[in-house]
Amino acid sequence: MNREPERLFRRGASYQSHRPDYPDSLFATLADHAPARRRALDLGCGSGQACGALEAHFDQVLGIDVSLEQLRAAPPGGARYLVARADALPVADASLDLITVAQALHWFPLPAFFHEAGRVLRPAGLLAIISYGLCTVTGLEGLVEDFHDRTLKPWWPPARWVVVNGYRGVTLPWPERPDPAPAPIERRWTWRDMAGYLDTWSALVKARAAGEDPLAAFLPTLRAAWGEEERTVRWPLRVRCCARP
């Protein structure tokens, strides 16, 4: 029996439960700078983390991803979800006011995606590349960073470092607008919350496929260092934005 769809569904549900969501102020700012608030697309949407926030600001929200099982884990709401590739969008020409790509640009074929974005965005429509860097934990500086950078290094794809650096090395298709400089994402978490978040990291999928489980080995260290109290977890939030001429 092929259990891959079931595994991907569980992973999508885990994203919903354990990945940090984005502040509403970010999407409010993007909506203010879009040419209209008719239609927005979150591309590479996974299980819909950003779509719900966009619904508060746009008449229609689309969520597109290549994984049907990820989309099936999206919560109910007003967004419409479709399976498609970033370089072949089932969207009419000049029909979008905003495209957001949250933590997913490194999976897309560039520059084919940028060409497609130019086709589907209206004049002055925005393309916003959103990412958050590696988190830090108050009082435990270096613990999660070491697990990410050293323990999991053999399992991260090269593109991972592009994400951590906020896609700074990617050349956008149109002149870049000033960074809206959003505030960091902050959460108050227990060690169990952190363990759930770490379990969504794609490097662990590769490690476990090879018969290793670095997270299981790390959890006793995490629990002992963290204790039973809540701690502040902080992710630097980065946005690169440009508008179609």
# chains A, B, ... in the order shown; residues from 1 in each chain; ligands from 1

$ select_by_dssp --residues "stretch 59-118 of chain A" --states "strand (DSSP E or B)" --output "compact mmCIF listing (two decimals) with N, CA and C atoms, in the first residue's frame"
# COMPACT_ATOMS: atom_id res chain seq x y z
N GLN A 60 -11.30 37.82 -3.02
CA GLN A 60 -11.10 36.41 -3.35
C GLN A 60 -9.65 36.05 -3.12
N VAL A 61 -9.43 34.88 -2.53
CA VAL A 61 -8.08 34.39 -2.26
C VAL A 61 -7.93 33.00 -2.86
N LEU A 62 -6.86 32.81 -3.61
CA LEU A 62 -6.50 31.52 -4.17
C LEU A 62 -5.27 30.98 -3.44
N GLY A 63 -5.26 29.70 -3.21
CA GLY A 63 -4.08 29.03 -2.68
C GLY A 63 -3.67 27.93 -3.65
N ILE A 64 -2.44 27.98 -4.12
CA ILE A 64 -1.97 27.00 -5.11
C ILE A 64 -0.72 26.31 -4.57
N ASP A 65 -0.68 24.99 -4.74
CA ASP A 65 0.48 24.20 -4.34
C ASP A 65 0.54 22.98 -5.26
N ARG A 80 -9.98 29.47 -2.11
CA ARG A 80 -10.13 28.39 -3.08
C ARG A 80 -8.75 27.80 -3.35
N TYR A 81 -8.63 26.47 -3.24
CA TYR A 81 -7.34 25.82 -3.38
C TYR A 81 -7.26 25.02 -4.68
N LEU A 82 -6.09 25.12 -5.32
CA LEU A 82 -5.87 24.45 -6.60
C LEU A 82 -4.49 23.80 -6.60
N VAL A 83 -4.37 22.70 -7.30
CA VAL A 83 -3.08 22.05 -7.52
C VAL A 83 -2.52 22.53 -8.85
N ARG A 85 1.55 24.00 -10.87
CA ARG A 85 2.95 24.39 -10.79
C ARG A 85 3.09 25.90 -10.84
N ALA A 88 3.07 27.30 -14.38
CA ALA A 88 1.90 27.01 -15.23
C ALA A 88 0.64 27.24 -14.40
N LEU A 96 -4.72 39.27 -11.06
CA LEU A 96 -4.34 39.26 -9.64
C LEU A 96 -3.80 40.62 -9.21
N ASP A 97 -4.16 41.02 -7.99
CA ASP A 97 -3.61 42.24 -7.40
C ASP A 97 -2.37 41.96 -6.56
N LEU A 98 -2.25 40.72 -6.08
CA LEU A 98 -1.13 40.37 -5.20
C LEU A 98 -0.82 38.90 -5.35
N ILE A 99 0.48 38.59 -5.42
CA ILE A 99 0.97 37.22 -5.25
C ILE A 99 1.90 37.21 -4.05
N THR A 100 1.61 36.35 -3.09
CA THR A 100 2.54 36.12 -2.00
C THR A 100 3.17 34.74 -2.16
N VAL A 101 4.44 34.67 -1.83
CA VAL A 101 5.17 33.40 -1.81
C VAL A 101 5.85 33.33 -0.46
N ALA A 102 5.31 32.53 0.42
CA ALA A 102 5.79 32.49 1.80
C ALA A 102 6.63 31.23 2.02

$ select_by_dssp --residues "stretch 109-198 of chain A" --states "helix (DSSP H, G or I)" --output "PyMOL selection string"
chain A and resi 112-120+143-151+153-155+160-164+191-198

$ atom_distance --atom1 "atom CA of A:Arg231" --atom2 "atom CA of A:Val144"
13.0 Å

$ closest_residue --among "A:Ala74, A:Leu26, A:Glu229, A:Ala112" --to "A:Gly48" --atoms "only C-alpha atoms"
A:Ala74

$ residues_around --residues "A:Ser131" --least-positions-apart "5" --cutoff "6 Å" --atoms "only C-alpha atoms" --output "number ranges by chain"
A: 102-103, 166, 238

$ closest_residue --among "A:Ala117, A:Leu30, A:Ala209, A:Ala73" --to "A:Cys45" --atoms "only C-alpha atoms"
A:Ala73

$ atom_distance --atom1 "atom CA of A:Phe27" --atom2 "atom CA of A:Asn165"
21.3 Å

$ decode --residues "stretch 60-74 of chain A" --atoms "all heavy atoms" --output "compact mmCIF listing (two decimals), in the first residue's frame"
# COMPACT_ATOMS: atom_id res chain seq x y z
N GLN A 60 -11.30 37.82 -3.02
CA GLN A 60 -11.10 36.41 -3.35
C GLN A 60 -9.65 36.05 -3.12
O GLN A 60 -8.74 36.81 -3.45
CB GLN A 60 -11.47 36.14 -4.82
CG GLN A 60 -11.35 34.66 -5.20
CD GLN A 60 -11.69 34.40 -6.66
OE1 GLN A 60 -11.58 35.29 -7.49
NE2 GLN A 60 -12.11 33.19 -6.98
N VAL A 61 -9.43 34.88 -2.53
CA VAL A 61 -8.08 34.39 -2.26
C VAL A 61 -7.93 33.00 -2.86
O VAL A 61 -8.78 32.12 -2.67
CB VAL A 61 -7.81 34.33 -0.75
CG1 VAL A 61 -6.43 33.69 -0.48
CG2 VAL A 61 -7.86 35.72 -0.14
N LEU A 62 -6.86 32.81 -3.61
CA LEU A 62 -6.50 31.52 -4.17
C LEU A 62 -5.27 30.98 -3.44
O LEU A 62 -4.35 31.74 -3.12
CB LEU A 62 -6.17 31.62 -5.66
CG LEU A 62 -7.25 32.17 -6.59
CD1 LEU A 62 -6.71 32.25 -8.01
CD2 LEU A 62 -8.49 31.29 -6.54
N GLY A 63 -5.26 29.70 -3.21
CA GLY A 63 -4.08 29.03 -2.68
C GLY A 63 -3.67 27.93 -3.65
O GLY A 63 -4.50 27.08 -4.00
N ILE A 64 -2.44 27.98 -4.12
CA ILE A 64 -1.97 27.00 -5.11
C ILE A 64 -0.72 26.31 -4.57
O ILE A 64 0.19 26.95 -4.04
CB ILE A 64 -1.68 27.67 -6.46
CG1 ILE A 64 -3.00 28.11 -7.12
CG2 ILE A 64 -0.92 26.74 -7.39
CD1 ILE A 64 -2.83 28.79 -8.47
N ASP A 65 -0.68 24.99 -4.74
CA ASP A 65 0.48 24.20 -4.34
C ASP A 65 0.54 22.98 -5.26
O ASP A 65 -0.46 22.60 -5.87
CB ASP A 65 0.34 23.76 -2.88
CG ASP A 65 1.68 23.35 -2.27
OD1 ASP A 65 2.11 22.20 -2.47
OD2 ASP A 65 2.30 24.20 -1.60
N VAL A 66 1.71 22.35 -5.34
CA VAL A 66 1.83 21.14 -6.16
C VAL A 66 1.35 19.90 -5.41
O VAL A 66 1.14 18.86 -6.01
CB VAL A 66 3.30 20.92 -6.61
CG1 VAL A 66 3.74 22.02 -7.56
CG2 VAL A 66 4.24 20.80 -5.42
N SER A 67 1.16 20.01 -4.08
CA SER A 67 0.79 18.85 -3.27
C SER A 67 -0.69 18.88 -2.91
O SER A 67 -1.13 19.71 -2.11
CB SER A 67 1.63 18.81 -1.99
OG SER A 67 1.13 17.84 -1.09
N LEU A 68 -1.45 17.94 -3.45
CA LEU A 68 -2.86 17.84 -3.10
C LEU A 68 -3.03 17.48 -1.63
O LEU A 68 -3.94 18.00 -0.96
CB LEU A 68 -3.52 16.77 -3.98
CG LEU A 68 -4.99 16.45 -3.67
CD1 LEU A 68 -5.86 17.69 -3.82
CD2 LEU A 68 -5.49 15.32 -4.56
N GLU A 69 -2.16 16.62 -1.11
CA GLU A 69 -2.32 16.21 0.29
C GLU A 69 -2.06 17.37 1.24
O GLU A 69 -2.71 17.46 2.29
CB GLU A 69 -1.37 15.04 0.59
CG GLU A 69 -1.61 13.82 -0.30
CD GLU A 69 -3.07 13.39 -0.30
OE1 GLU A 69 -3.71 13.46 0.76
OE2 GLU A 69 -3.57 12.97 -1.36
N GLN A 70 -1.13 18.24 0.91
CA GLN A 70 -0.93 19.44 1.73
C GLN A 70 -2.19 20.30 1.71
O GLN A 70 -2.65 20.79 2.74
CB GLN A 70 0.26 20.24 1.21
CG GLN A 70 1.62 19.64 1.56
CD GLN A 70 2.16 20.15 2.89
OE1 GLN A 70 1.59 21.03 3.51
NE2 GLN A 70 3.25 19.57 3.31
N LEU A 71 -2.78 20.49 0.52
CA LEU A 71 -3.97 21.32 0.41
C LEU A 71 -5.14 20.73 1.18
O LEU A 71 -5.96 21.47 1.74
CB LEU A 71 -4.35 21.48 -1.06
CG LEU A 71 -3.35 22.22 -1.95
CD1 LEU A 71 -3.87 22.28 -3.38
CD2 LEU A 71 -3.07 23.61 -1.43
N ARG A 72 -5.23 19.42 1.24
CA ARG A 72 -6.31 18.78 1.98
C ARG A 72 -6.24 19.06 3.48
O ARG A 72 -7.25 18.92 4.19
CB ARG A 72 -6.30 17.27 1.73
CG ARG A 72 -6.87 16.89 0.37
CD ARG A 72 -6.75 15.40 0.12
NE ARG A 72 -7.44 15.01 -1.11
CZ ARG A 72 -7.29 13.84 -1.72
NH1 ARG A 72 -6.46 12.95 -1.23
NH2 ARG A 72 -7.97 13.58 -2.82
N ALA A 73 -5.07 19.44 3.96
CA ALA A 73 -4.92 19.76 5.38
C ALA A 73 -5.26 21.22 5.70
O ALA A 73 -5.23 21.61 6.86
CB ALA A 73 -3.49 19.47 5.84
N ALA A 74 -5.60 22.01 4.68
CA ALA A 74 -5.95 23.42 4.90
C ALA A 74 -7.26 23.51 5.68
O ALA A 74 -8.18 22.72 5.46
CB ALA A 74 -6.06 24.16 3.58
